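Listing of work15.cif; format and content: mmCIF, N, CA and C atoms and all ligand atoms.
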data_entry
#
loop_
_atom_site.label_atom_id
_atom_site.label_comp_id
_atom_site.auth_asym_id
_atom_site.auth_seq_id
_atom_site.Cartn_x
_atom_site.Cartn_y
_atom_site.Cartn_z
N MET A 1 5.84 -14.51 7.52
CA MET A 1 5.21 -14.04 6.28
C MET A 1 5.07 -12.52 6.28
N HIS A 2 5.75 -11.89 5.35
CA HIS A 2 5.81 -10.43 5.27
C HIS A 2 4.43 -9.79 5.13
N GLU A 3 3.61 -10.32 4.22
CA GLU A 3 2.29 -9.75 3.96
C GLU A 3 1.44 -9.73 5.24
N MET A 4 1.57 -10.77 6.06
CA MET A 4 0.75 -10.85 7.25
C MET A 4 1.14 -9.77 8.26
N SER A 5 2.43 -9.52 8.43
CA SER A 5 2.82 -8.50 9.41
C SER A 5 2.43 -7.11 8.92
N VAL A 6 2.49 -6.89 7.61
CA VAL A 6 2.05 -5.61 7.06
C VAL A 6 0.54 -5.44 7.29
N ALA A 7 -0.21 -6.52 7.05
CA ALA A 7 -1.66 -6.49 7.24
C ALA A 7 -2.01 -6.22 8.70
N GLN A 8 -1.21 -6.75 9.62
CA GLN A 8 -1.45 -6.50 11.05
C GLN A 8 -1.34 -5.02 11.38
N GLY A 9 -0.33 -4.37 10.83
CA GLY A 9 -0.16 -2.94 11.05
C GLY A 9 -1.33 -2.15 10.49
N ILE A 10 -1.79 -2.55 9.30
CA ILE A 10 -2.91 -1.86 8.67
C ILE A 10 -4.19 -2.06 9.49
N ALA A 11 -4.42 -3.29 9.92
CA ALA A 11 -5.63 -3.60 10.70
C ALA A 11 -5.67 -2.76 11.97
N GLN A 12 -4.52 -2.64 12.64
CA GLN A 12 -4.46 -1.84 13.87
C GLN A 12 -4.78 -0.38 13.58
N ALA A 13 -4.22 0.15 12.50
CA ALA A 13 -4.45 1.55 12.14
C ALA A 13 -5.92 1.81 11.83
N VAL A 14 -6.53 0.87 11.09
CA VAL A 14 -7.94 1.02 10.72
C VAL A 14 -8.83 1.00 11.96
N ILE A 15 -8.59 0.05 12.85
CA ILE A 15 -9.43 -0.08 14.04
C ILE A 15 -9.25 1.12 14.98
N LYS A 16 -8.02 1.59 15.09
CA LYS A 16 -7.73 2.77 15.92
C LYS A 16 -8.49 4.00 15.39
N THR A 17 -8.42 4.19 14.08
CA THR A 17 -9.12 5.33 13.47
C THR A 17 -10.62 5.19 13.65
N ALA A 18 -11.14 3.98 13.44
CA ALA A 18 -12.58 3.73 13.59
C ALA A 18 -13.04 4.05 15.01
N GLU A 19 -12.22 3.66 15.99
CA GLU A 19 -12.56 3.94 17.39
C GLU A 19 -12.54 5.44 17.67
N ARG A 20 -11.52 6.10 17.18
CA ARG A 20 -11.38 7.54 17.41
C ARG A 20 -12.56 8.31 16.81
N GLU A 21 -13.01 7.84 15.65
CA GLU A 21 -14.11 8.52 14.96
C GLU A 21 -15.48 7.99 15.39
N LYS A 22 -15.48 7.12 16.39
CA LYS A 22 -16.72 6.50 16.87
C LYS A 22 -17.52 5.83 15.75
N ALA A 23 -16.83 5.13 14.91
CA ALA A 23 -17.49 4.45 13.79
C ALA A 23 -18.27 3.25 14.28
N VAL A 24 -19.44 3.03 13.69
CA VAL A 24 -20.18 1.81 13.99
C VAL A 24 -19.87 0.75 12.94
N LYS A 25 -19.35 1.24 11.83
CA LYS A 25 -19.00 0.33 10.75
C LYS A 25 -17.99 0.98 9.82
N VAL A 26 -17.02 0.19 9.38
CA VAL A 26 -16.09 0.69 8.37
C VAL A 26 -16.58 0.14 7.03
N ALA A 27 -16.90 1.04 6.10
CA ALA A 27 -17.47 0.61 4.83
C ALA A 27 -16.41 0.26 3.80
N LYS A 28 -15.31 1.00 3.84
CA LYS A 28 -14.32 0.80 2.80
C LYS A 28 -12.92 1.18 3.27
N ILE A 29 -11.94 0.43 2.83
CA ILE A 29 -10.54 0.72 3.16
C ILE A 29 -9.77 0.86 1.85
N ASN A 30 -9.13 1.99 1.68
CA ASN A 30 -8.32 2.22 0.48
C ASN A 30 -6.84 2.13 0.84
N LEU A 31 -6.14 1.24 0.16
CA LEU A 31 -4.72 1.04 0.44
C LEU A 31 -3.87 1.54 -0.72
N GLU A 32 -2.67 1.97 -0.38
CA GLU A 32 -1.67 2.28 -1.41
C GLU A 32 -0.49 1.36 -1.16
N ILE A 33 -0.15 0.58 -2.18
CA ILE A 33 0.95 -0.37 -2.03
C ILE A 33 2.06 -0.01 -3.01
N GLY A 34 3.21 0.33 -2.47
CA GLY A 34 4.34 0.74 -3.31
C GLY A 34 4.98 -0.42 -4.03
N GLU A 35 5.43 -0.15 -5.23
CA GLU A 35 6.09 -1.16 -6.07
C GLU A 35 7.31 -1.77 -5.37
N LEU A 36 8.02 -0.94 -4.61
CA LEU A 36 9.25 -1.42 -3.98
C LEU A 36 9.04 -2.13 -2.64
N THR A 37 7.78 -2.30 -2.26
CA THR A 37 7.53 -3.08 -1.05
C THR A 37 7.63 -4.57 -1.36
N PHE A 38 7.51 -4.90 -2.65
CA PHE A 38 7.50 -6.29 -3.13
C PHE A 38 6.45 -7.13 -2.41
N LEU A 39 5.36 -6.48 -2.06
CA LEU A 39 4.26 -7.20 -1.42
C LEU A 39 3.32 -7.72 -2.50
N ASN A 40 2.68 -8.82 -2.20
CA ASN A 40 1.64 -9.34 -3.07
C ASN A 40 0.31 -8.75 -2.58
N PRO A 41 -0.30 -7.84 -3.36
CA PRO A 41 -1.52 -7.16 -2.89
C PRO A 41 -2.64 -8.13 -2.50
N GLU A 42 -2.79 -9.21 -3.26
CA GLU A 42 -3.85 -10.17 -2.94
C GLU A 42 -3.64 -10.79 -1.57
N GLN A 43 -2.36 -11.05 -1.24
CA GLN A 43 -2.03 -11.63 0.07
C GLN A 43 -2.30 -10.63 1.19
N VAL A 44 -1.94 -9.37 0.96
CA VAL A 44 -2.17 -8.35 1.97
C VAL A 44 -3.66 -8.24 2.26
N ILE A 45 -4.47 -8.20 1.19
CA ILE A 45 -5.91 -8.07 1.34
C ILE A 45 -6.51 -9.30 2.01
N PHE A 46 -6.02 -10.46 1.64
CA PHE A 46 -6.48 -11.70 2.27
C PHE A 46 -6.26 -11.68 3.78
N TRP A 47 -5.05 -11.33 4.19
CA TRP A 47 -4.72 -11.30 5.61
C TRP A 47 -5.48 -10.21 6.34
N LEU A 48 -5.62 -9.08 5.68
CA LEU A 48 -6.34 -7.97 6.29
C LEU A 48 -7.78 -8.36 6.57
N ALA A 49 -8.42 -9.00 5.60
CA ALA A 49 -9.81 -9.45 5.79
C ALA A 49 -9.90 -10.45 6.95
N GLU A 50 -8.89 -11.34 7.05
CA GLU A 50 -8.86 -12.31 8.14
C GLU A 50 -8.75 -11.60 9.49
N LEU A 51 -7.85 -10.62 9.54
CA LEU A 51 -7.56 -9.94 10.81
C LEU A 51 -8.70 -9.03 11.26
N LEU A 52 -9.53 -8.61 10.30
CA LEU A 52 -10.62 -7.69 10.65
C LEU A 52 -11.92 -8.41 11.00
N LYS A 53 -11.88 -9.74 10.97
CA LYS A 53 -13.07 -10.49 11.35
C LYS A 53 -13.44 -10.17 12.79
N ASP A 54 -14.75 -10.06 13.05
CA ASP A 54 -15.26 -9.72 14.39
C ASP A 54 -14.86 -8.31 14.85
N SER A 55 -14.56 -7.44 13.91
CA SER A 55 -14.30 -6.04 14.26
C SER A 55 -15.32 -5.16 13.53
N VAL A 56 -15.27 -3.86 13.81
CA VAL A 56 -16.20 -2.94 13.11
C VAL A 56 -15.92 -2.90 11.61
N ALA A 57 -14.75 -3.36 11.23
CA ALA A 57 -14.37 -3.32 9.81
C ALA A 57 -14.56 -4.66 9.12
N GLU A 58 -15.29 -5.55 9.78
CA GLU A 58 -15.47 -6.91 9.26
C GLU A 58 -15.99 -6.93 7.83
N GLU A 59 -16.95 -6.05 7.54
CA GLU A 59 -17.56 -6.08 6.20
C GLU A 59 -16.98 -5.04 5.24
N ALA A 60 -15.90 -4.43 5.64
CA ALA A 60 -15.32 -3.38 4.80
C ALA A 60 -14.87 -3.91 3.45
N GLU A 61 -15.09 -3.11 2.45
CA GLU A 61 -14.60 -3.40 1.11
C GLU A 61 -13.15 -2.92 1.08
N ILE A 62 -12.26 -3.76 0.58
CA ILE A 62 -10.85 -3.37 0.59
C ILE A 62 -10.37 -3.15 -0.85
N GLU A 63 -9.91 -1.94 -1.12
CA GLU A 63 -9.39 -1.64 -2.45
C GLU A 63 -7.92 -1.25 -2.34
N HIS A 64 -7.18 -1.49 -3.39
CA HIS A 64 -5.78 -1.06 -3.35
C HIS A 64 -5.35 -0.42 -4.66
N MET A 65 -4.38 0.44 -4.53
CA MET A 65 -3.80 1.10 -5.68
C MET A 65 -2.30 0.82 -5.61
N GLU A 66 -1.72 0.43 -6.74
CA GLU A 66 -0.29 0.21 -6.72
C GLU A 66 0.43 1.51 -7.08
N VAL A 67 1.38 1.86 -6.25
CA VAL A 67 2.13 3.10 -6.47
C VAL A 67 3.47 2.75 -7.09
N ARG A 68 3.73 3.31 -8.27
CA ARG A 68 5.00 3.04 -8.94
C ARG A 68 6.14 3.73 -8.20
N ALA A 69 7.30 3.13 -8.30
CA ALA A 69 8.47 3.69 -7.65
C ALA A 69 8.88 4.99 -8.33
N LYS A 70 9.41 5.91 -7.53
CA LYS A 70 9.97 7.13 -8.09
C LYS A 70 11.31 7.33 -7.40
N VAL A 71 12.33 7.54 -8.22
CA VAL A 71 13.68 7.68 -7.66
C VAL A 71 14.36 8.94 -8.18
N ARG A 72 15.43 9.31 -7.50
CA ARG A 72 16.25 10.42 -7.97
C ARG A 72 17.70 9.97 -8.01
N CYS A 73 18.35 10.30 -9.13
CA CYS A 73 19.76 9.93 -9.28
C CYS A 73 20.63 11.07 -8.79
N GLU A 74 21.60 10.73 -7.95
CA GLU A 74 22.47 11.77 -7.38
C GLU A 74 23.52 12.26 -8.37
N LYS A 75 23.73 11.48 -9.43
CA LYS A 75 24.77 11.83 -10.38
C LYS A 75 24.26 12.71 -11.52
N CYS A 76 23.17 12.26 -12.18
CA CYS A 76 22.69 13.00 -13.35
C CYS A 76 21.37 13.72 -13.07
N SER A 77 20.89 13.63 -11.84
CA SER A 77 19.65 14.24 -11.37
C SER A 77 18.39 13.78 -12.11
N TYR A 78 18.43 12.55 -12.65
CA TYR A 78 17.22 11.94 -13.19
C TYR A 78 16.20 11.80 -12.07
N GLU A 79 14.95 12.09 -12.39
CA GLU A 79 13.89 11.88 -11.40
C GLU A 79 12.71 11.23 -12.10
N GLY A 80 12.31 10.06 -11.64
CA GLY A 80 11.18 9.38 -12.28
C GLY A 80 11.16 7.91 -11.92
N PRO A 81 10.41 7.12 -12.71
CA PRO A 81 10.28 5.69 -12.39
C PRO A 81 11.53 4.89 -12.76
N LEU A 82 11.61 3.69 -12.23
CA LEU A 82 12.70 2.77 -12.56
C LEU A 82 12.35 2.02 -13.83
N ASP A 83 13.37 1.52 -14.52
CA ASP A 83 13.12 0.61 -15.63
C ASP A 83 12.60 -0.69 -15.05
N VAL A 84 11.83 -1.40 -15.88
CA VAL A 84 11.28 -2.66 -15.41
C VAL A 84 11.85 -3.81 -16.22
N HIS A 85 12.26 -4.83 -15.54
CA HIS A 85 12.85 -5.99 -16.17
C HIS A 85 11.84 -7.14 -16.09
N GLU A 86 11.49 -7.69 -17.25
CA GLU A 86 10.55 -8.81 -17.25
C GLU A 86 11.31 -10.07 -16.88
N ASP A 87 10.89 -10.70 -15.81
CA ASP A 87 11.55 -11.91 -15.37
C ASP A 87 10.86 -13.12 -15.99
N PRO A 88 11.53 -13.80 -16.94
CA PRO A 88 10.87 -14.94 -17.63
C PRO A 88 10.63 -16.12 -16.71
N LEU A 89 11.41 -16.20 -15.64
CA LEU A 89 11.31 -17.33 -14.74
C LEU A 89 10.07 -17.24 -13.85
N PHE A 90 9.83 -16.03 -13.35
CA PHE A 90 8.71 -15.87 -12.41
C PHE A 90 7.50 -15.20 -13.05
N HIS A 91 7.61 -14.90 -14.35
CA HIS A 91 6.51 -14.25 -15.07
C HIS A 91 6.00 -13.00 -14.38
N ARG A 92 6.92 -12.23 -13.92
CA ARG A 92 6.50 -10.95 -13.35
C ARG A 92 7.56 -9.90 -13.68
N SER A 93 7.15 -8.64 -13.60
CA SER A 93 8.11 -7.60 -13.90
C SER A 93 8.72 -7.05 -12.61
N LEU A 94 10.02 -6.94 -12.63
CA LEU A 94 10.74 -6.46 -11.45
C LEU A 94 11.43 -5.13 -11.77
N PRO A 95 11.35 -4.18 -10.85
CA PRO A 95 12.06 -2.93 -11.09
C PRO A 95 13.57 -3.13 -11.03
N VAL A 96 14.28 -2.48 -11.93
CA VAL A 96 15.74 -2.57 -11.96
C VAL A 96 16.30 -1.38 -11.20
N PHE A 97 17.12 -1.66 -10.19
CA PHE A 97 17.58 -0.58 -9.33
C PHE A 97 18.85 0.08 -9.86
N THR A 98 18.74 0.60 -11.11
CA THR A 98 19.85 1.30 -11.73
C THR A 98 19.27 2.55 -12.38
N CYS A 99 20.01 3.63 -12.39
CA CYS A 99 19.52 4.86 -13.02
C CYS A 99 19.25 4.62 -14.50
N PRO A 100 18.01 4.89 -14.98
CA PRO A 100 17.68 4.66 -16.39
C PRO A 100 18.47 5.55 -17.35
N TRP A 101 19.02 6.65 -16.89
CA TRP A 101 19.76 7.56 -17.76
C TRP A 101 21.25 7.25 -17.78
N CYS A 102 21.92 7.38 -16.68
CA CYS A 102 23.38 7.26 -16.69
C CYS A 102 23.86 5.87 -16.27
N LYS A 103 22.97 5.06 -15.73
CA LYS A 103 23.28 3.68 -15.29
C LYS A 103 24.34 3.61 -14.20
N LYS A 104 24.72 4.73 -13.63
CA LYS A 104 25.85 4.73 -12.70
C LYS A 104 25.52 5.29 -11.33
N GLY A 105 24.76 6.39 -11.33
CA GLY A 105 24.58 7.13 -10.08
C GLY A 105 23.88 6.33 -9.01
N SER A 106 24.03 6.78 -7.79
CA SER A 106 23.30 6.13 -6.70
C SER A 106 21.92 6.75 -6.60
N LEU A 107 20.95 5.92 -6.33
CA LEU A 107 19.55 6.35 -6.36
C LEU A 107 18.98 6.56 -4.97
N THR A 108 18.17 7.59 -4.87
CA THR A 108 17.41 7.84 -3.66
C THR A 108 15.95 7.52 -3.97
N ILE A 109 15.33 6.75 -3.10
CA ILE A 109 13.92 6.40 -3.32
C ILE A 109 13.03 7.53 -2.82
N LEU A 110 12.19 8.06 -3.71
CA LEU A 110 11.28 9.13 -3.33
C LEU A 110 9.89 8.57 -3.01
N GLU A 111 9.46 7.59 -3.81
CA GLU A 111 8.12 7.01 -3.62
C GLU A 111 8.15 5.52 -3.93
N GLY A 112 7.18 4.81 -3.38
CA GLY A 112 7.01 3.40 -3.75
C GLY A 112 7.52 2.42 -2.73
N ARG A 113 7.92 2.95 -1.54
CA ARG A 113 8.50 2.08 -0.54
C ARG A 113 7.51 1.74 0.57
N ASP A 114 6.33 2.35 0.52
CA ASP A 114 5.40 2.20 1.63
C ASP A 114 4.13 1.46 1.26
N CYS A 115 3.54 0.90 2.28
CA CYS A 115 2.21 0.33 2.15
C CYS A 115 1.37 1.04 3.19
N ILE A 116 0.45 1.89 2.74
CA ILE A 116 -0.30 2.71 3.70
C ILE A 116 -1.80 2.66 3.45
N VAL A 117 -2.54 3.07 4.47
CA VAL A 117 -3.98 3.26 4.32
C VAL A 117 -4.15 4.68 3.82
N SER A 118 -4.62 4.86 2.60
CA SER A 118 -4.76 6.22 2.10
C SER A 118 -6.03 6.87 2.65
N SER A 119 -7.09 6.08 2.82
CA SER A 119 -8.31 6.59 3.44
C SER A 119 -9.22 5.44 3.83
N ILE A 120 -10.11 5.72 4.77
CA ILE A 120 -11.16 4.75 5.07
C ILE A 120 -12.50 5.48 5.07
N GLU A 121 -13.54 4.75 4.74
CA GLU A 121 -14.88 5.32 4.79
C GLU A 121 -15.64 4.65 5.91
N ILE A 122 -16.21 5.49 6.80
CA ILE A 122 -16.88 4.92 7.97
C ILE A 122 -18.33 5.38 8.08
N LEU A 123 -19.08 4.60 8.84
CA LEU A 123 -20.44 5.00 9.18
C LEU A 123 -20.46 5.26 10.68
N THR A 124 -21.01 6.39 11.08
CA THR A 124 -21.11 6.69 12.51
C THR A 124 -22.54 6.49 12.96
N GLU A 125 -22.82 6.75 14.24
CA GLU A 125 -24.15 6.50 14.76
C GLU A 125 -25.24 7.28 14.03
N SER A 126 -24.93 8.47 13.63
CA SER A 126 -25.93 9.25 12.89
C SER A 126 -26.14 8.68 11.48
N ASP A 127 -25.34 7.64 11.18
CA ASP A 127 -25.49 6.90 9.92
C ASP A 127 -25.21 7.73 8.67
N ILE A 128 -24.43 8.77 8.84
CA ILE A 128 -24.05 9.58 7.68
C ILE A 128 -22.64 9.14 7.25
N PRO A 129 -22.56 8.63 6.04
CA PRO A 129 -21.22 8.22 5.60
C PRO A 129 -20.29 9.42 5.59
N SER A 130 -19.13 9.24 6.15
CA SER A 130 -18.17 10.36 6.14
C SER A 130 -16.83 9.85 5.60
N ARG A 131 -16.13 10.74 5.00
CA ARG A 131 -14.87 10.42 4.38
C ARG A 131 -13.73 10.88 5.26
N LYS A 132 -12.78 10.00 5.45
CA LYS A 132 -11.64 10.42 6.27
C LYS A 132 -10.40 10.53 5.41
ZN ZN B 1 21.75 8.94 -13.29
#

Could you take the file, read its structure, and then write that structure out as structure tokens?
Ligand SMILES: [Zn+2]
Amino acid sequence: MHEMSVAQGIAQAVIKTAEREKAVKVAKINLEIGELTFLNPEQVIFWLAELLKDSVAEEAEIEHMEVRAKVRCEKCSYEGPLDVHEDPLFHRSLPVFTCPWCKKGSLTILEGRDCIVSSIEILTESDIPSRK
């Protein structure tokens, strides 16, 4: 399951950061999930919450932001989002991997391919919330 392995990586990163910062509690985890990861955000959050049980981040609030894809066309130098195709079968919108302008050029992905922790909020022993 793709979402679970992604959540494992995130959980490790969160716990590592919490340890480095001597956190007694992780209050909040902010995620950025790229459109081209094709991850289901609810699944990622579900697994992440499971994996963080019995850790300093057990009670952390998990929020996510979806990052739209951004591409560059090598032929016409278009730079921006992909067109979206509504899939009637699966009732979801899928990005179309073709240049929206010339429909021909090869595309380079600039954004939207990653699932990352953008920030976490922790509580340290002095109990002062700090932003990382
Ligand atoms: Zn193009």

### Message
For ligand ZN 1 (chain B), return the neighbouring residues as a PyMOL selection string (distance at most 12 Å; only C-alpha atoms and all ligand atoms).
### Response
chain A and resi 71-82+97-108

#### Entry: Which of chain A fall in alpha helix (DSSP H), as a ChimeraX atom specification
/A:2-20,41-51

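Straight-line separation from atom N of Gly9 of chain A to atom C of Asp54 of chain A: 15.6 Å.
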
### Message
Would you pick out the contacts of Ala27 of chain A at 8 Å or less, using all atoms listed in the file, so that residues sharing its chain but fewer than 6 positions from it are not included, and give the list as a PyMOL selection string?
### Response
chain A and resi 56-62+120-123

## Note on the structure
Students should find that atom C of Leu36 of chain A and atom CA of Ser119 of chain A are spaced 20.3 Å

### Message
I'd like the neighbourhood of Pro95 of chain A as JSON, numbers by chain, where a residue qualifies if any of its atoms comes within 6.5 Å (using only N, CA and C atoms), though same-chain residues fewer than 6 positions away should be ignored.
### Response
{"A": [82, 83, 84, 85]}

Could you save the residues just selected, with N, CA and C atoms, as a short mmCIF file (atom, residue, chain, number, x, y, z; two decimals), keeping the file's coordinate frame?
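Saved result, selection-v6.cif, follows:
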data_model
loop_
_atom_site.label_atom_id
_atom_site.label_comp_id
_atom_site.auth_asym_id
_atom_site.auth_seq_id
_atom_site.Cartn_x
_atom_site.Cartn_y
_atom_site.Cartn_z
N LEU A 82 11.61 3.69 -12.23
CA LEU A 82 12.70 2.77 -12.56
C LEU A 82 12.35 2.02 -13.83
N ASP A 83 13.37 1.52 -14.52
CA ASP A 83 13.12 0.61 -15.63
C ASP A 83 12.60 -0.69 -15.05
N VAL A 84 11.83 -1.40 -15.88
CA VAL A 84 11.28 -2.66 -15.41
C VAL A 84 11.85 -3.81 -16.22
N HIS A 85 12.26 -4.83 -15.54
CA HIS A 85 12.85 -5.99 -16.17
C HIS A 85 11.84 -7.14 -16.09
#

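In this structure, atom N of His91 of chain A sits 24.8 Å away from atom CA of Ile109 of chain A.
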
### Message
Ranking A:Gly112, A:Phe38, A:Lys70, A:Val26 by minimum distance to Val6 of chain A and counting only C-alpha atoms, which one comes first?
### Response
A:Phe38

### Message
Which residues are close to Glu63 of chain A, i.e. within 5 Å by all atoms listed in the file, leaving aside same-chain residues fewer than 6 positions away? Reply as a PyMOL selection string.
### Response
chain A and resi 29-31

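Residues of segment 52-108 of chain A that DSSP places in strand (DSSP E), based on the backbone of this structure, are A:Glu61, A:Ile62, A:Glu63, A:His64, A:Met65, A:Glu66, A:Val67, A:Lys70, A:Val71, A:Arg72, A:Cys73, A:Glu79, A:Gly80, A:Val84, A:His85, A:Glu86, A:Asp87, A:Arg92, A:Ser93, A:Leu94, A:Pro95, A:Leu107, A:Thr108.
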
Those selected residues, please, written with N, CA and C atoms and delivered as a PDB file, in the frame of the given file.
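What follows is the written file out-v7.pdb:
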ATOM      1  N   GLU A  61     -15.090  -3.110   2.450  1.00  0.00           N
ATOM      2  CA  GLU A  61     -14.600  -3.400   1.110  1.00  0.00           C
ATOM      3  C   GLU A  61     -13.150  -2.920   1.080  1.00  0.00           C
ATOM      4  N   ILE A  62     -12.260  -3.760   0.580  1.00  0.00           N
ATOM      5  CA  ILE A  62     -10.850  -3.370   0.590  1.00  0.00           C
ATOM      6  C   ILE A  62     -10.370  -3.150  -0.850  1.00  0.00           C
ATOM      7  N   GLU A  63      -9.910  -1.940  -1.120  1.00  0.00           N
ATOM      8  CA  GLU A  63      -9.390  -1.640  -2.450  1.00  0.00           C
ATOM      9  C   GLU A  63      -7.920  -1.250  -2.340  1.00  0.00           C
ATOM     10  N   HIS A  64      -7.180  -1.490  -3.390  1.00  0.00           N
ATOM     11  CA  HIS A  64      -5.780  -1.060  -3.350  1.00  0.00           C
ATOM     12  C   HIS A  64      -5.350  -0.420  -4.660  1.00  0.00           C
ATOM     13  N   MET A  65      -4.380   0.440  -4.530  1.00  0.00           N
ATOM     14  CA  MET A  65      -3.800   1.100  -5.680  1.00  0.00           C
ATOM     15  C   MET A  65      -2.300   0.820  -5.610  1.00  0.00           C
ATOM     16  N   GLU A  66      -1.720   0.430  -6.740  1.00  0.00           N
ATOM     17  CA  GLU A  66      -0.290   0.210  -6.720  1.00  0.00           C
ATOM     18  C   GLU A  66       0.430   1.510  -7.080  1.00  0.00           C
ATOM     19  N   VAL A  67       1.380   1.860  -6.250  1.00  0.00           N
ATOM     20  CA  VAL A  67       2.130   3.100  -6.470  1.00  0.00           C
ATOM     21  C   VAL A  67       3.470   2.750  -7.090  1.00  0.00           C
ATOM     22  N   LYS A  70       9.410   5.910  -7.530  1.00  0.00           N
ATOM     23  CA  LYS A  70       9.970   7.130  -8.090  1.00  0.00           C
ATOM     24  C   LYS A  70      11.310   7.330  -7.400  1.00  0.00           C
ATOM     25  N   VAL A  71      12.330   7.540  -8.220  1.00  0.00           N
ATOM     26  CA  VAL A  71      13.680   7.680  -7.660  1.00  0.00           C
ATOM     27  C   VAL A  71      14.360   8.940  -8.180  1.00  0.00           C
ATOM     28  N   ARG A  72      15.430   9.310  -7.500  1.00  0.00           N
ATOM     29  CA  ARG A  72      16.250  10.420  -7.970  1.00  0.00           C
ATOM     30  C   ARG A  72      17.700   9.970  -8.010  1.00  0.00           C
ATOM     31  N   CYS A  73      18.350  10.300  -9.130  1.00  0.00           N
ATOM     32  CA  CYS A  73      19.760   9.930  -9.280  1.00  0.00           C
ATOM     33  C   CYS A  73      20.630  11.070  -8.790  1.00  0.00           C
ATOM     34  N   GLU A  79      14.950  12.090 -12.390  1.00  0.00           N
ATOM     35  CA  GLU A  79      13.890  11.880 -11.400  1.00  0.00           C
ATOM     36  C   GLU A  79      12.710  11.230 -12.100  1.00  0.00           C
ATOM     37  N   GLY A  80      12.310  10.060 -11.640  1.00  0.00           N
ATOM     38  CA  GLY A  80      11.180   9.380 -12.280  1.00  0.00           C
ATOM     39  C   GLY A  80      11.160   7.910 -11.920  1.00  0.00           C
ATOM     40  N   VAL A  84      11.830  -1.400 -15.880  1.00  0.00           N
ATOM     41  CA  VAL A  84      11.280  -2.660 -15.410  1.00  0.00           C
ATOM     42  C   VAL A  84      11.850  -3.810 -16.220  1.00  0.00           C
ATOM     43  N   HIS A  85      12.260  -4.830 -15.540  1.00  0.00           N
ATOM     44  CA  HIS A  85      12.850  -5.990 -16.170  1.00  0.00           C
ATOM     45  C   HIS A  85      11.840  -7.140 -16.090  1.00  0.00           C
ATOM     46  N   GLU A  86      11.490  -7.690 -17.250  1.00  0.00           N
ATOM     47  CA  GLU A  86      10.550  -8.810 -17.250  1.00  0.00           C
ATOM     48  C   GLU A  86      11.310 -10.070 -16.880  1.00  0.00           C
ATOM     49  N   ASP A  87      10.890 -10.700 -15.810  1.00  0.00           N
ATOM     50  CA  ASP A  87      11.550 -11.910 -15.370  1.00  0.00           C
ATOM     51  C   ASP A  87      10.860 -13.120 -15.990  1.00  0.00           C
ATOM     52  N   ARG A  92       6.920 -12.230 -13.920  1.00  0.00           N
ATOM     53  CA  ARG A  92       6.500 -10.950 -13.350  1.00  0.00           C
ATOM     54  C   ARG A  92       7.560  -9.900 -13.680  1.00  0.00           C
ATOM     55  N   SER A  93       7.150  -8.640 -13.600  1.00  0.00           N
ATOM     56  CA  SER A  93       8.110  -7.600 -13.900  1.00  0.00           C
ATOM     57  C   SER A  93       8.720  -7.050 -12.610  1.00  0.00           C
ATOM     58  N   LEU A  94      10.020  -6.940 -12.630  1.00  0.00           N
ATOM     59  CA  LEU A  94      10.740  -6.460 -11.450  1.00  0.00           C
ATOM     60  C   LEU A  94      11.430  -5.130 -11.770  1.00  0.00           C
ATOM     61  N   PRO A  95      11.350  -4.180 -10.850  1.00  0.00           N
ATOM     62  CA  PRO A  95      12.060  -2.930 -11.090  1.00  0.00           C
ATOM     63  C   PRO A  95      13.570  -3.130 -11.030  1.00  0.00           C
ATOM     64  N   LEU A 107      20.950   5.920  -6.330  1.00  0.00           N
ATOM     65  CA  LEU A 107      19.550   6.350  -6.360  1.00  0.00           C
ATOM     66  C   LEU A 107      18.980   6.560  -4.970  1.00  0.00           C
ATOM     67  N   THR A 108      18.170   7.590  -4.870  1.00  0.00           N
ATOM     68  CA  THR A 108      17.410   7.840  -3.660  1.00  0.00           C
ATOM     69  C   THR A 108      15.950   7.520  -3.970  1.00  0.00           C
TER      70      THR A 108
END

### Query
What's the 8 Å shell around Ile45 of chain A, counting all atoms listed in the file, without same-chain residues fewer than 3 positions away, as a VMD selection string?
chain A and resid 3 7 40 to 42 48 to 51 62 to 63

Suppose we keep N, CA and C atoms; can you now write the selection as a short mmCIF file (atom, residue, chain, number, x, y, z; two decimals), in the coordinates of the input?
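Dumped everything to selection_26.cif:
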data_model
loop_
_atom_site.label_atom_id
_atom_site.label_comp_id
_atom_site.auth_asym_id
_atom_site.auth_seq_id
_atom_site.Cartn_x
_atom_site.Cartn_y
_atom_site.Cartn_z
N GLU A 3 3.61 -10.32 4.22
CA GLU A 3 2.29 -9.75 3.96
C GLU A 3 1.44 -9.73 5.24
N ALA A 7 -0.21 -6.52 7.05
CA ALA A 7 -1.66 -6.49 7.24
C ALA A 7 -2.01 -6.22 8.70
N ASN A 40 2.68 -8.82 -2.20
CA ASN A 40 1.64 -9.34 -3.07
C ASN A 40 0.31 -8.75 -2.58
N PRO A 41 -0.30 -7.84 -3.36
CA PRO A 41 -1.52 -7.16 -2.89
C PRO A 41 -2.64 -8.13 -2.50
N GLU A 42 -2.79 -9.21 -3.26
CA GLU A 42 -3.85 -10.17 -2.94
C GLU A 42 -3.64 -10.79 -1.57
N LEU A 48 -5.62 -9.08 5.68
CA LEU A 48 -6.34 -7.97 6.29
C LEU A 48 -7.78 -8.36 6.57
N ALA A 49 -8.42 -9.00 5.60
CA ALA A 49 -9.81 -9.45 5.79
C ALA A 49 -9.90 -10.45 6.95
N GLU A 50 -8.89 -11.34 7.05
CA GLU A 50 -8.86 -12.31 8.14
C GLU A 50 -8.75 -11.60 9.49
N LEU A 51 -7.85 -10.62 9.54
CA LEU A 51 -7.56 -9.94 10.81
C LEU A 51 -8.70 -9.03 11.26
N ILE A 62 -12.26 -3.76 0.58
CA ILE A 62 -10.85 -3.37 0.59
C ILE A 62 -10.37 -3.15 -0.85
N GLU A 63 -9.91 -1.94 -1.12
CA GLU A 63 -9.39 -1.64 -2.45
C GLU A 63 -7.92 -1.25 -2.34
#

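Across A:Val67, A:Ile33, A:Ala18, A:Leu89, the tightest approach to Ser118 of chain A is made by A:Ile33 when counting all atoms listed in the file.
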
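Those residues positioned at most 6 Å from (4.2, 1.9, -0.8) are Glu32, Ile33, Gly34, Glu35, Thr37, Gly112, Arg113, Asp114, Cys115 and Ile116 of chain A, judged using all atoms listed in the file.
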